[in-house]
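What follows is data-v8.cif (mmCIF, C-alpha atoms).
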data_final
#
loop_
_atom_site.label_atom_id
_atom_site.label_comp_id
_atom_site.auth_asym_id
_atom_site.auth_seq_id
_atom_site.Cartn_x
_atom_site.Cartn_y
_atom_site.Cartn_z
CA MET L 1 10.82 -3.55 -34.73
CA SER L 2 14.07 -3.99 -32.80
CA ASP L 3 17.21 -5.38 -34.44
CA GLN L 4 17.14 -8.06 -31.77
CA LEU L 5 13.80 -9.32 -33.04
CA THR L 6 14.56 -8.84 -36.74
CA ASN L 7 17.40 -11.30 -36.52
CA MET L 8 15.40 -14.00 -34.81
CA ASP L 9 13.75 -16.93 -36.49
CA ARG L 10 11.14 -19.29 -35.14
CA ASN L 11 13.65 -21.68 -33.62
CA GLN L 12 15.44 -18.90 -31.84
CA ILE L 13 12.18 -17.51 -30.50
CA GLU L 14 11.11 -20.95 -29.32
CA GLN L 15 14.48 -21.56 -27.71
CA THR L 16 14.29 -18.20 -25.94
CA VAL L 17 10.77 -18.93 -24.68
CA LEU L 18 11.83 -22.35 -23.38
CA THR L 19 14.95 -20.95 -21.75
CA VAL L 20 12.96 -18.23 -19.97
CA LEU L 21 10.30 -20.72 -18.87
CA GLY L 22 12.96 -23.10 -17.64
CA THR L 23 14.76 -20.38 -15.74
CA VAL L 24 11.68 -18.86 -14.09
CA LEU L 25 9.92 -22.16 -13.36
CA LYS L 26 13.16 -23.99 -12.55
CA LEU L 27 12.12 -26.87 -14.80
CA PRO L 28 13.96 -28.48 -17.74
CA PHE L 29 12.48 -27.85 -21.18
CA SER L 30 13.50 -29.01 -24.63
CA VAL L 31 12.60 -27.75 -28.09
CA GLY L 32 9.31 -29.15 -29.31
CA MET L 33 7.65 -29.22 -25.93
CA ASP L 34 4.25 -27.54 -25.74
CA LEU L 35 3.86 -26.89 -22.07
CA ARG L 36 0.50 -25.40 -21.10
CA ARG L 37 -0.13 -23.30 -18.01
CA ARG L 38 -3.04 -25.46 -16.93
CA ASP L 39 -0.78 -28.53 -16.85
CA CYS L 40 2.00 -26.89 -14.86
CA PRO L 41 1.15 -25.92 -11.26
CA ALA L 42 4.41 -24.00 -10.91
CA TRP L 43 3.27 -21.65 -13.72
CA ASP L 44 1.19 -19.60 -11.28
CA SER L 45 -0.06 -16.03 -11.65
CA LEU L 46 3.10 -14.48 -10.24
CA LYS L 47 5.45 -16.64 -12.29
CA HIS L 48 3.39 -15.85 -15.38
CA ILE L 49 4.06 -12.15 -14.91
CA GLU L 50 7.76 -12.81 -14.41
CA ILE L 51 7.86 -15.00 -17.52
CA MET L 52 6.09 -12.51 -19.75
CA PHE L 53 8.16 -9.51 -18.71
CA THR L 54 11.41 -11.46 -18.97
CA LEU L 55 10.36 -12.52 -22.48
CA GLU L 56 9.70 -8.90 -23.40
CA GLU L 57 13.28 -8.09 -22.46
CA GLU L 58 14.80 -11.14 -24.12
CA LEU L 59 12.78 -10.85 -27.34
CA GLY L 60 12.78 -7.07 -27.52
CA MET L 61 9.02 -6.84 -27.98
CA GLU L 62 5.99 -5.89 -25.95
CA PHE L 63 2.86 -7.86 -25.21
CA ASN L 64 -0.37 -5.98 -24.61
CA GLU L 65 -2.73 -6.48 -21.67
CA ALA L 66 -4.93 -9.00 -23.47
CA GLU L 67 -1.91 -11.03 -24.59
CA LEU L 68 -0.50 -10.94 -21.09
CA ALA L 69 -3.68 -12.58 -19.82
CA ALA L 70 -4.28 -14.96 -22.71
CA LEU L 71 -0.89 -16.40 -23.65
CA ASP L 72 -0.88 -19.62 -21.69
CA SER L 73 1.30 -22.13 -23.50
CA VAL L 74 4.67 -22.39 -25.18
CA VAL L 75 3.01 -22.62 -28.60
CA SER L 76 0.74 -19.61 -28.08
CA ILE L 77 3.63 -17.48 -26.84
CA VAL L 78 5.87 -18.50 -29.74
CA GLU L 79 3.07 -17.86 -32.26
CA ALA L 80 2.35 -14.42 -30.77
CA ALA L 81 6.03 -13.53 -30.77
CA LEU L 82 6.41 -14.74 -34.34
CA ALA L 83 3.39 -12.69 -35.46
CA LYS L 84 4.95 -9.57 -33.97
CA HIS L 85 8.24 -10.50 -35.60
CA GLU L 86 6.60 -10.79 -39.01
CA ALA L 87 4.35 -7.73 -38.66
CA MET P 88 -17.68 -5.81 9.54
CA ARG P 89 -18.57 -2.46 8.11
CA HIS P 90 -15.33 -0.62 7.43
CA ASP P 91 -14.11 2.27 5.34
CA LEU P 92 -10.67 1.05 4.29
CA ILE P 93 -9.75 1.88 0.71
CA LEU P 94 -6.29 1.10 -0.59
CA GLU P 95 -5.08 2.26 -3.98
CA GLY P 96 -2.44 0.37 -5.91
CA HIS P 97 -0.88 0.98 -9.30
CA ALA P 98 -3.80 -0.29 -11.39
CA PHE P 99 -6.22 -1.73 -8.85
CA ARG P 100 -7.78 -0.73 -5.57
CA LEU P 101 -9.40 -2.46 -2.66
CA ARG P 102 -12.66 -0.93 -1.44
CA PRO P 103 -15.23 -2.16 1.09
CA ILE P 104 -17.83 -4.66 -0.06
CA THR P 105 -21.39 -3.33 -0.10
CA ASP P 106 -24.82 -4.79 -0.75
CA GLU P 107 -24.49 -3.53 -4.32
CA ASP P 108 -21.80 -6.17 -4.86
CA ALA P 109 -24.11 -9.07 -3.98
CA VAL P 110 -24.88 -9.98 -7.59
CA ARG P 111 -21.21 -9.83 -8.55
CA ILE P 112 -20.26 -11.99 -5.56
CA VAL P 113 -22.84 -14.61 -6.47
CA ASP P 114 -21.75 -14.59 -10.12
CA LEU P 115 -18.09 -14.99 -9.26
CA ARG P 116 -18.47 -17.56 -6.49
CA SER P 117 -20.92 -19.59 -8.57
CA ASN P 118 -18.46 -19.97 -11.44
CA PRO P 119 -17.45 -23.66 -11.36
CA THR P 120 -14.09 -22.87 -12.89
CA LEU P 121 -13.28 -20.53 -10.05
CA ASN P 122 -15.04 -21.92 -6.99
CA ARG P 123 -13.65 -25.44 -6.84
CA TYR P 124 -11.63 -24.78 -3.69
CA LEU P 125 -13.95 -22.31 -1.98
CA HIS P 126 -16.43 -22.95 0.77
CA ALA P 127 -19.96 -23.24 -0.58
CA SER P 128 -21.63 -19.86 -0.61
CA ALA P 129 -25.02 -18.35 -1.21
CA GLY P 130 -26.29 -19.12 -4.69
CA LEU P 131 -29.06 -16.57 -4.53
CA VAL P 132 -28.64 -12.83 -4.25
CA GLU P 133 -31.07 -12.75 -1.32
CA ASP P 134 -28.97 -15.31 0.53
CA GLN P 135 -25.81 -13.38 -0.27
CA LEU P 136 -27.39 -10.22 1.13
CA ALA P 137 -28.25 -12.13 4.31
CA TRP P 138 -24.64 -13.37 4.50
CA LEU P 139 -23.41 -9.78 4.08
CA ALA P 140 -25.75 -8.60 6.85
CA ARG P 141 -24.11 -11.10 9.22
CA TYR P 142 -20.66 -10.12 7.94
CA TYR P 143 -21.31 -6.41 8.66
CA ASP P 144 -21.82 -7.33 12.34
CA ARG P 145 -18.75 -9.55 12.56
CA PRO P 146 -15.75 -7.76 14.09
CA GLY P 147 -12.26 -8.33 12.75
CA ASP P 148 -13.44 -9.18 9.24
CA TYR P 149 -12.57 -6.88 6.34
CA TYR P 150 -14.07 -7.90 3.00
CA PHE P 151 -13.04 -6.02 -0.15
CA ALA P 152 -13.93 -5.72 -3.77
CA VAL P 153 -10.92 -5.59 -6.09
CA GLU P 154 -11.54 -3.09 -8.84
CA HIS P 155 -9.67 -1.25 -11.53
CA THR P 156 -8.66 2.23 -10.39
CA ALA P 157 -9.39 3.92 -13.71
CA ASP P 158 -12.87 2.69 -14.50
CA HIS P 159 -13.99 0.81 -11.37
CA ARG P 160 -14.12 -2.41 -13.39
CA PHE P 161 -14.88 -5.25 -10.96
CA GLU P 162 -11.98 -7.71 -10.82
CA GLY P 163 -12.82 -9.85 -7.81
CA LEU P 164 -12.86 -10.29 -4.07
CA VAL P 165 -10.43 -10.63 -1.20
CA ALA P 166 -10.70 -10.43 2.59
CA ILE P 167 -8.66 -10.39 5.75
CA TYR P 168 -10.39 -11.79 8.82
CA ASP P 169 -9.99 -13.50 12.17
CA ILE P 170 -8.01 -10.50 13.31
CA ASP P 171 -6.54 -11.22 16.72
CA THR P 172 -5.62 -7.98 18.45
CA CYS P 173 -3.66 -9.83 21.15
CA THR P 174 -1.33 -11.67 18.81
CA LYS P 175 -1.67 -8.98 16.12
CA SER P 176 -2.40 -11.58 13.50
CA GLY P 177 -4.96 -12.22 10.82
CA GLU P 178 -5.75 -14.51 7.92
CA TRP P 179 -6.46 -13.51 4.36
CA GLY P 180 -8.62 -15.36 1.90
CA ARG P 181 -11.98 -15.40 0.09
CA TRP P 182 -9.69 -14.54 -2.82
CA ILE P 183 -11.35 -14.95 -6.19
CA LEU P 184 -10.72 -12.99 -9.39
CA ARG P 185 -12.58 -12.98 -12.68
CA GLN P 186 -11.12 -15.21 -15.38
CA GLY P 187 -8.36 -13.40 -17.23
CA SER P 188 -7.86 -10.82 -14.51
CA LEU P 189 -4.35 -9.47 -14.10
CA ALA P 190 -5.05 -8.34 -10.54
CA ALA P 191 -3.59 -11.39 -8.75
CA VAL P 192 -0.20 -9.97 -7.80
CA GLU P 193 -1.47 -6.51 -7.00
CA SER P 194 -4.46 -7.71 -4.95
CA ALA P 195 -2.13 -9.92 -2.90
CA TRP P 196 0.26 -6.99 -2.44
CA LEU P 197 -2.64 -4.77 -1.38
CA ILE P 198 -4.19 -7.21 1.10
CA TYR P 199 -0.81 -7.68 2.79
CA ARG P 200 -0.53 -3.89 2.99
CA VAL P 201 -3.94 -3.78 4.63
CA GLY P 202 -2.72 -6.29 7.20
CA PHE P 203 0.68 -4.82 7.92
CA ASP P 204 0.27 -1.11 7.18
CA LEU P 205 -3.37 -0.31 7.94
CA LEU P 206 -4.18 -2.85 10.65
CA GLY P 207 -0.70 -2.96 12.21
CA LEU P 208 -0.50 -6.75 12.24
CA GLU P 209 2.73 -8.56 13.06
CA TYR P 210 1.95 -11.58 10.92
CA VAL P 211 -0.58 -12.64 8.31
CA LEU P 212 -1.61 -16.20 7.50
CA CYS P 213 -3.07 -17.70 4.38
CA ARG P 214 -4.52 -21.22 4.35
CA THR P 215 -5.03 -22.89 0.98
CA VAL P 216 -6.58 -26.24 0.11
CA ALA P 217 -3.52 -28.44 -0.47
CA GLU P 218 -4.84 -29.71 -3.81
CA ASN P 219 -5.11 -26.13 -5.05
CA VAL P 220 -1.51 -26.42 -6.16
CA ARG P 221 -1.49 -23.32 -8.34
CA VAL P 222 -2.46 -21.04 -5.47
CA VAL P 223 -0.08 -22.84 -3.12
CA SER P 224 2.59 -22.19 -5.75
CA PHE P 225 1.58 -18.52 -5.92
CA HIS P 226 2.25 -18.08 -2.21
CA ASP P 227 5.56 -19.91 -2.55
CA SER P 228 6.43 -17.69 -5.52
CA CYS P 229 5.77 -14.62 -3.40
CA GLY P 230 8.79 -15.75 -1.38
CA ILE P 231 6.96 -16.90 1.73
CA THR P 232 9.12 -19.63 3.18
CA GLU P 233 7.29 -20.30 6.42
CA ARG P 234 4.67 -22.92 5.62
CA ARG P 235 3.18 -26.03 7.18
CA LEU P 236 0.64 -28.73 6.44
CA LEU P 237 -2.66 -28.61 8.34
CA PRO P 238 -4.14 -32.11 8.00
CA LYS P 239 -7.89 -32.35 7.45
CA HIS P 240 -8.30 -28.61 7.90
CA PHE P 241 -11.06 -27.87 5.38
CA THR P 242 -14.39 -29.52 4.72
CA LEU P 243 -15.67 -28.57 1.26
CA ASP P 244 -18.89 -30.01 -0.06
CA GLY P 245 -18.70 -32.81 2.48
CA HIS P 246 -15.10 -33.75 1.64
CA ILE P 247 -12.18 -33.25 4.01
CA HIS P 248 -9.03 -31.60 2.67
CA ASP P 249 -5.59 -30.82 3.99
CA ALA P 250 -4.46 -27.21 3.95
CA ILE P 251 -1.14 -25.52 3.38
CA GLU P 252 -0.64 -22.59 5.70
CA HIS P 253 1.72 -19.82 4.63
CA ARG P 254 2.75 -17.50 7.44
CA LEU P 255 4.26 -14.10 6.71
CA GLY P 256 5.74 -12.01 9.49
CA ARG P 257 6.46 -8.32 9.35
CA GLN P 258 10.20 -8.78 8.84
CA ALA P 259 9.72 -11.26 6.01
CA TRP P 260 7.11 -8.92 4.48
CA ALA P 261 9.76 -6.21 4.24
CA VAL P 262 11.88 -8.64 2.21
CA ILE P 263 9.25 -9.83 -0.26
CA GLU P 264 7.24 -6.61 -0.60
CA PRO P 265 9.54 -4.85 -3.12
CA ASN P 266 9.20 -7.67 -5.66
CA LEU P 267 5.40 -7.76 -5.38
CA LYS P 268 5.32 -4.00 -5.76
CA LYS P 269 7.61 -4.13 -8.79
CA LEU P 270 5.53 -6.81 -10.52
CA ALA P 271 2.30 -4.93 -9.74
CA ARG P 272 3.78 -1.81 -11.31
CA LEU P 273 4.84 -3.70 -14.43
CA VAL P 274 1.33 -5.10 -14.88
CA ALA P 275 -0.16 -1.65 -14.32
CA GLY P 276 1.93 -0.38 -17.20
CA LYS P 277 -0.06 -2.68 -19.49
CA SER P 278 -3.37 -1.60 -18.19
CA THR P 279 -6.00 -0.37 -20.62
CA HIS P 280 -9.46 0.94 -19.86
CA ASP P 281 -12.33 0.13 -22.16
#
Output the structure of this file as C-alpha coordinates.
Amino acid sequence: MSDQLTNMDRNQIEQTVLTVLGTVLKLPFSVGMDLRRRDCPAWDSLKHIEIMFTLEEELGMEFNEAELAALDSVVSIVEAALAKHEA
Amino acid sequence: MRHDLILEGHAFRLRPITDEDAVRIVDLRSNPTLNRYLHASAGLVEDQLAWLARYYDRPGDYYFAVEHTADHRFEGLVAIYDIDTCTKSGEWGRWILRQGSLAAVESAWLIYRVGFDLLGLEYVLCRTVAENVRVVSFHDSCGITERRLLPKHFTLDGHIHDAIEHRLGRQAWAVIEPNLKKLARLVAGKSTHD
(Lines of atoms letter the chains of each structure in order from A and count residues from 1; the text may use other names and numbers.)
(Lines give C-alpha, C1' and ligand atoms only; values in the text may rest on other atoms or scores of the structure.)
Protein backbone atom coordinates (compact mmCIF):
# COMPACT_ATOMS: atom_id res chain seq x y z
CA MET A 1 0.00 0.00 0.00
CA SER A 2 1.36 3.45 -0.86
CA ASP A 3 2.08 6.05 1.82
CA GLN A 4 -0.30 8.30 -0.05
CA LEU A 5 -3.16 5.89 0.57
CA THR A 6 -2.14 4.95 4.11
CA ASN A 7 -2.56 8.52 5.23
CA MET A 8 -6.01 8.93 3.77
CA ASP A 9 -9.27 8.56 5.62
CA ARG A 10 -12.76 8.20 4.24
CA ASN A 11 -13.40 11.93 4.04
CA GLN A 12 -10.19 12.52 2.17
CA ILE A 13 -10.96 9.72 -0.25
CA GLU A 14 -14.46 11.06 -0.82
CA GLN A 15 -13.14 14.58 -1.30
CA THR A 16 -10.59 13.32 -3.81
CA VAL A 17 -13.25 11.38 -5.72
CA LEU A 18 -15.53 14.42 -5.84
CA THR A 19 -12.71 16.71 -6.90
CA VAL A 20 -11.69 14.38 -9.74
CA LEU A 21 -15.31 13.96 -10.86
CA GLY A 22 -15.83 17.70 -10.74
CA THR A 23 -12.67 18.38 -12.71
CA VAL A 24 -13.26 15.76 -15.41
CA LEU A 25 -17.00 16.33 -15.76
CA LYS A 26 -16.72 20.09 -15.24
CA LEU A 27 -19.56 19.97 -12.71
CA PRO A 28 -19.69 21.22 -9.10
CA PHE A 29 -19.82 18.53 -6.41
CA SER A 30 -20.01 18.72 -2.65
CA VAL A 31 -19.29 16.16 0.05
CA GLY A 32 -22.23 13.88 0.68
CA MET A 33 -23.41 13.80 -2.90
CA ASP A 34 -23.96 10.33 -4.36
CA LEU A 35 -23.84 10.98 -8.05
CA ARG A 36 -24.58 7.92 -10.18
CA ARG A 37 -23.37 7.42 -13.74
CA ARG A 38 -26.85 6.63 -14.98
CA ASP A 39 -28.10 10.01 -13.74
CA CYS A 40 -25.29 12.03 -15.27
CA PRO A 41 -25.17 12.13 -19.09
CA ALA A 42 -21.77 13.81 -19.04
CA TRP A 43 -20.32 10.74 -17.27
CA ASP A 44 -19.94 8.90 -20.58
CA SER A 45 -17.69 5.96 -21.42
CA LEU A 46 -14.71 8.13 -22.30
CA LYS A 47 -15.04 10.37 -19.25
CA HIS A 48 -15.39 7.27 -17.08
CA ILE A 49 -11.99 6.04 -18.23
CA GLU A 50 -10.47 9.47 -17.58
CA ILE A 51 -12.05 9.58 -14.12
CA MET A 52 -10.87 6.14 -13.09
CA PHE A 53 -7.29 6.57 -14.25
CA THR A 54 -7.05 10.03 -12.69
CA LEU A 55 -8.32 8.53 -9.43
CA GLU A 56 -5.67 5.83 -9.61
CA GLU A 57 -3.02 8.55 -9.75
CA GLU A 58 -4.59 10.72 -7.07
CA LEU A 59 -5.31 7.87 -4.65
CA GLY A 60 -2.19 5.86 -5.39
CA MET A 61 -4.10 2.64 -5.99
CA GLU A 62 -5.14 0.49 -8.90
CA PHE A 63 -8.57 -0.70 -9.95
CA ASN A 64 -8.88 -3.98 -11.79
CA GLU A 65 -10.79 -4.55 -15.03
CA ALA A 66 -14.01 -5.60 -13.31
CA GLU A 67 -13.92 -2.58 -11.00
CA LEU A 68 -13.23 -0.30 -13.93
CA ALA A 69 -16.45 -1.51 -15.54
CA ALA A 70 -18.59 -1.76 -12.42
CA LEU A 71 -17.81 1.31 -10.32
CA ASP A 72 -20.56 3.66 -11.38
CA SER A 73 -21.29 6.03 -8.52
CA VAL A 74 -19.52 8.21 -6.01
CA VAL A 75 -20.45 5.83 -3.19
CA SER A 76 -19.29 2.69 -4.99
CA ILE A 77 -15.97 4.29 -5.91
CA VAL A 78 -15.39 5.56 -2.37
CA GLU A 79 -16.30 2.16 -0.89
CA ALA A 80 -13.96 0.34 -3.29
CA ALA A 81 -11.14 2.76 -2.55
CA LEU A 82 -11.73 2.44 1.17
CA ALA A 83 -11.69 -1.36 0.95
CA LYS A 84 -8.32 -1.23 -0.79
CA HIS A 85 -7.14 1.25 1.81
CA GLU A 86 -8.12 -1.07 4.65
CA ALA A 87 -6.88 -4.28 3.00
CA MET B 1 -20.39 -5.71 -48.26
CA ARG B 2 -18.06 -8.63 -47.96
CA HIS B 3 -14.68 -7.27 -46.93
CA ASP B 4 -11.49 -8.54 -45.35
CA LEU B 5 -10.50 -5.57 -43.18
CA ILE B 6 -9.10 -6.53 -39.80
CA LEU B 7 -7.72 -3.87 -37.49
CA GLU B 8 -5.89 -4.71 -34.28
CA GLY B 9 -5.85 -2.35 -31.34
CA HIS B 10 -4.28 -2.62 -27.92
CA ALA B 11 -6.86 -4.98 -26.42
CA PHE B 12 -9.55 -5.25 -29.07
CA ARG B 13 -9.79 -5.84 -32.79
CA LEU B 14 -12.29 -5.21 -35.51
CA ARG B 15 -12.94 -8.12 -37.86
CA PRO B 16 -15.54 -8.61 -40.60
CA ILE B 17 -19.01 -9.77 -39.59
CA THR B 18 -19.92 -13.25 -40.81
CA ASP B 19 -23.02 -15.41 -40.73
CA GLU B 20 -21.61 -17.05 -37.61
CA ASP B 21 -22.23 -13.78 -35.78
CA ALA B 22 -25.97 -13.78 -36.50
CA VAL B 23 -26.96 -15.18 -33.10
CA ARG B 24 -24.71 -12.71 -31.29
CA ILE B 25 -26.11 -9.81 -33.32
CA VAL B 26 -29.68 -10.81 -32.51
CA ASP B 27 -28.85 -11.24 -28.82
CA LEU B 28 -27.15 -7.87 -28.58
CA ARG B 29 -29.63 -5.88 -30.65
CA SER B 30 -32.58 -7.48 -28.86
CA ASN B 31 -31.35 -6.36 -25.44
CA PRO B 32 -33.82 -3.64 -24.36
CA THR B 33 -31.18 -1.95 -22.25
CA LEU B 34 -28.95 -1.53 -25.27
CA ASN B 35 -31.26 -1.11 -28.25
CA ARG B 36 -33.38 1.83 -27.18
CA TYR B 37 -31.87 4.18 -29.76
CA LEU B 38 -31.24 1.68 -32.56
CA HIS B 39 -33.32 1.03 -35.62
CA ALA B 40 -35.48 -2.06 -35.20
CA SER B 41 -33.64 -5.12 -36.42
CA ALA B 42 -34.28 -8.75 -37.10
CA GLY B 43 -35.44 -10.57 -33.99
CA LEU B 44 -34.91 -14.00 -35.47
CA VAL B 45 -31.61 -15.49 -36.52
CA GLU B 46 -33.08 -16.41 -39.91
CA ASP B 47 -34.10 -12.80 -40.48
CA GLN B 48 -30.68 -11.60 -39.38
CA LEU B 49 -29.05 -13.98 -41.86
CA ALA B 50 -31.29 -12.56 -44.60
CA TRP B 51 -30.27 -9.02 -43.54
CA LEU B 52 -26.60 -10.05 -43.69
CA ALA B 53 -27.10 -11.53 -47.17
CA ARG B 54 -28.36 -8.14 -48.36
CA TYR B 55 -25.54 -6.39 -46.50
CA TYR B 56 -22.89 -8.54 -48.24
CA ASP B 57 -24.13 -7.19 -51.59
CA ARG B 58 -24.24 -3.56 -50.47
CA PRO B 59 -21.15 -1.60 -51.55
CA GLY B 60 -19.59 0.96 -49.26
CA ASP B 61 -20.76 -0.75 -46.08
CA TYR B 62 -18.21 -2.27 -43.69
CA TYR B 63 -19.72 -4.09 -40.71
CA PHE B 64 -17.42 -5.34 -37.94
CA ALA B 65 -17.47 -7.46 -34.86
CA VAL B 66 -15.54 -5.98 -31.94
CA GLU B 67 -13.68 -8.72 -30.14
CA HIS B 68 -10.96 -9.14 -27.57
CA THR B 69 -7.59 -9.73 -29.21
CA ALA B 70 -6.42 -12.33 -26.70
CA ASP B 71 -9.36 -14.70 -26.57
CA HIS B 72 -11.72 -13.52 -29.34
CA ARG B 73 -14.33 -12.67 -26.70
CA PHE B 74 -17.22 -10.96 -28.50
CA GLU B 75 -17.62 -7.37 -27.28
CA GLY B 76 -20.02 -5.87 -29.80
CA LEU B 77 -20.61 -4.37 -33.21
CA VAL B 78 -19.68 -1.30 -35.18
CA ALA B 79 -19.87 -0.28 -38.84
CA ILE B 80 -18.86 2.39 -41.28
CA TYR B 81 -21.16 2.83 -44.26
CA ASP B 82 -22.52 5.20 -46.89
CA ILE B 83 -18.99 5.59 -48.16
CA ASP B 84 -18.94 8.31 -50.79
CA THR B 85 -15.85 7.97 -52.95
CA CYS B 86 -16.41 11.39 -54.53
CA THR B 87 -16.48 13.35 -51.29
CA LYS B 88 -14.31 10.76 -49.51
CA SER B 89 -16.72 10.61 -46.62
CA GLY B 90 -18.56 8.00 -44.62
CA GLU B 91 -20.73 7.55 -41.57
CA TRP B 92 -20.11 5.24 -38.66
CA GLY B 93 -22.72 3.64 -36.47
CA ARG B 94 -24.55 0.39 -35.65
CA TRP B 95 -22.39 0.73 -32.53
CA ILE B 96 -23.48 -1.54 -29.72
CA LEU B 97 -21.34 -3.17 -27.03
CA ARG B 98 -22.20 -5.78 -24.44
CA GLN B 99 -23.06 -4.42 -21.00
CA GLY B 100 -19.92 -3.85 -18.98
CA SER B 101 -17.66 -3.83 -22.01
CA LEU B 102 -14.58 -1.63 -21.81
CA ALA B 103 -14.24 -1.52 -25.60
CA ALA B 104 -16.02 1.82 -26.16
CA VAL B 105 -12.99 4.08 -26.51
CA GLU B 106 -10.90 1.57 -28.42
CA SER B 107 -13.69 0.57 -30.82
CA ALA B 108 -14.30 4.25 -31.61
CA TRP B 109 -10.57 4.77 -32.13
CA LEU B 110 -10.44 1.73 -34.40
CA ILE B 111 -13.46 2.63 -36.53
CA TYR B 112 -12.03 6.11 -37.13
CA ARG B 113 -8.76 4.45 -38.15
CA VAL B 114 -10.69 2.29 -40.60
CA GLY B 115 -12.21 5.45 -42.08
CA PHE B 116 -9.12 7.60 -42.23
CA ASP B 117 -6.25 5.11 -42.53
CA LEU B 118 -7.69 2.12 -44.38
CA LEU B 119 -10.39 3.73 -46.51
CA GLY B 120 -8.60 7.05 -47.04
CA LEU B 121 -11.61 9.17 -46.11
CA GLU B 122 -11.32 12.92 -45.61
CA TYR B 123 -14.13 13.12 -43.08
CA VAL B 124 -16.28 10.77 -41.04
CA LEU B 125 -19.75 11.52 -39.70
CA CYS B 126 -21.64 10.06 -36.79
CA ARG B 127 -25.36 10.72 -36.30
CA THR B 128 -26.84 10.00 -32.88
CA VAL B 129 -30.42 10.21 -31.66
CA ALA B 130 -30.47 13.53 -29.80
CA GLU B 131 -32.08 11.98 -26.71
CA ASN B 132 -29.22 9.50 -26.47
CA VAL B 133 -27.37 12.08 -24.43
CA ARG B 134 -24.69 9.74 -23.14
CA VAL B 135 -23.51 8.81 -26.62
CA VAL B 136 -23.77 12.43 -27.77
CA SER B 137 -21.58 13.27 -24.78
CA PHE B 138 -19.13 10.52 -25.75
CA HIS B 139 -18.59 12.11 -29.16
CA ASP B 140 -18.21 15.53 -27.54
CA SER B 141 -15.72 14.04 -25.07
CA CYS B 142 -13.68 12.68 -27.97
CA GLY B 143 -13.02 16.32 -28.80
CA ILE B 144 -15.17 16.57 -31.91
CA THR B 145 -16.28 20.18 -32.05
CA GLU B 146 -18.04 20.22 -35.40
CA ARG B 147 -21.63 19.23 -34.69
CA ARG B 148 -25.12 20.21 -35.80
CA LEU B 149 -28.74 19.35 -35.12
CA LEU B 150 -30.60 17.37 -37.77
CA PRO B 151 -34.31 17.90 -37.00
CA LYS B 152 -36.60 14.89 -37.40
CA HIS B 153 -33.77 12.79 -38.82
CA PHE B 154 -34.59 9.38 -37.36
CA THR B 155 -37.79 7.38 -37.21
CA LEU B 156 -37.54 4.69 -34.53
CA ASP B 157 -40.48 2.45 -33.79
CA GLY B 158 -42.81 4.93 -35.44
CA HIS B 159 -41.50 7.93 -33.50
CA ILE B 160 -39.58 10.79 -35.08
CA HIS B 161 -36.36 11.94 -33.40
CA ASP B 162 -33.85 14.69 -33.93
CA ALA B 163 -30.23 13.71 -34.47
CA ILE B 164 -26.93 15.24 -33.48
CA GLU B 165 -24.37 14.93 -36.23
CA HIS B 166 -20.69 14.98 -35.27
CA ARG B 167 -18.36 15.58 -38.19
CA LEU B 168 -14.67 14.75 -37.94
CA GLY B 169 -12.26 15.81 -40.66
CA ARG B 170 -8.81 14.42 -41.23
CA GLN B 171 -7.05 17.42 -39.67
CA ALA B 172 -9.20 17.32 -36.55
CA TRP B 173 -8.66 13.55 -36.35
CA ALA B 174 -4.93 14.15 -36.10
CA VAL B 175 -5.62 16.34 -33.07
CA ILE B 176 -7.95 14.03 -31.15
CA GLU B 177 -6.42 10.68 -32.12
CA PRO B 178 -3.53 10.70 -29.60
CA ASN B 179 -5.91 11.00 -26.63
CA LEU B 180 -8.14 8.17 -27.86
CA LYS B 181 -5.07 6.04 -28.43
CA LYS B 182 -3.71 6.84 -24.96
CA LEU B 183 -7.00 5.99 -23.24
CA ALA B 184 -7.32 2.77 -25.26
CA ARG B 185 -3.83 1.77 -24.16
CA LEU B 186 -4.62 2.48 -20.51
CA VAL B 187 -7.73 0.30 -20.66
CA ALA B 188 -5.77 -2.45 -22.40
CA GLY B 189 -3.38 -2.48 -19.47
CA LYS B 190 -6.27 -3.65 -17.29
CA SER B 191 -7.33 -6.35 -19.62
CA THR B 192 -7.67 -9.88 -18.33
CA HIS B 193 -8.58 -13.00 -20.25
CA ASP B 194 -10.75 -15.64 -18.65
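For Trp43 (chain L), the set of protein, DNA and RNA residues having any atom at most 9 Å away, when counting all atoms listed in the file and skipping those fewer than 5 positions along the same chain, is Leu21, Val24, Leu25, Arg36, Arg37, Arg38, His48 and Ile51 of chain L; Arg221, Ser224 and Phe225 of chain P.
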Counting all atoms listed in the file, which residues of chain P fall within 10 Å of chain L, and what is the closest atom pair for each with its distance in Å at one decimal, ordered by chain and rising number, as CSV?
residue,atom,partner,partner_atom,distance
P:Gln186,CA,L:Ala69,CA,9.1
P:Gly187,CA,L:Ala69,CA,5.4
P:Ser188,CA,L:Ala69,CA,7.0
P:Leu189,CA,L:Ala69,CA,6.5
P:Ala190,CA,L:Ser45,CA,9.2
P:Ala191,CA,L:Ser45,CA,6.5
P:Val192,CA,L:Leu46,CA,6.1
P:Glu193,CA,L:Leu46,CA,9.7
P:Asn219,CA,L:Pro41,CA,8.8
P:Val220,CA,L:Pro41,CA,5.8
P:Arg221,CA,L:Pro41,CA,4.7
P:Val222,CA,L:Asp44,CA,7.0
P:Val223,CA,L:Pro41,CA,8.8
P:Ser224,CA,L:Ala42,CA,5.8
P:Phe225,CA,L:Asp44,CA,5.5
P:His226,CA,L:Leu46,CA,8.8
P:Asp227,CA,L:Ala42,CA,9.4
P:Ser228,CA,L:Leu46,CA,6.6
P:Cys229,CA,L:Leu46,CA,7.3
P:Leu267,CA,L:Leu46,CA,8.6
P:Leu270,CA,L:Ile49,CA,7.1
P:Ala271,CA,L:Ile49,CA,9.1
P:Leu273,CA,L:Phe53,CA,7.9
P:Val274,CA,L:Ile49,CA,7.6
P:Ala275,CA,L:Glu65,CA,9.2
P:Gly276,CA,L:Glu65,CA,8.9
P:Lys277,CA,L:Glu65,CA,5.1
P:Ser278,CA,L:Glu65,CA,6.0
P:Thr279,CA,L:Glu65,CA,7.0
Which residues come within 9 Å of region 256-263 of chain P, counting all atoms listed in the file, excluding same-chain residues fewer than 4 positions away, as a count of residues only? 14
Listed atoms of region 169-175 of chain P, axis-aligned box, 4 Å per side: centre and edge lengths to one decimal in Å, as JSON?
{"center_x": -5.7, "center_y": -10.7, "center_z": 16.7, "size_x": 16.7, "size_y": 13.5, "size_z": 17.0}
Starting from the displayed file, determine the output of the PyMOL selection byres ((chain L and resi 18) around 8) and express the residue list as number ranges by chain. L: 14-17, 19-22, 29-31, 74
CA of Asp148 (chain P) and CA of Ala166 (chain P) are how many Å apart? 7.3 Å
Counting all atoms listed in the file, the option among L:Leu35, L:Ala80, L:Leu27, L:Val75 closest to Glu56 (chain L):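 Nearest candidate to Glu56 (chain L) out of L:Leu35, L:Ala80, L:Leu27, L:Val75: L:Ala80.
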So what do you get for CA of Thr156 (chain P) versus CA of Glu95 (chain P), distance-wise?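 Computing the Euclidean distance for CA of Thr156 (chain P) and CA of Glu95 (chain P) yields 7.3 Å.
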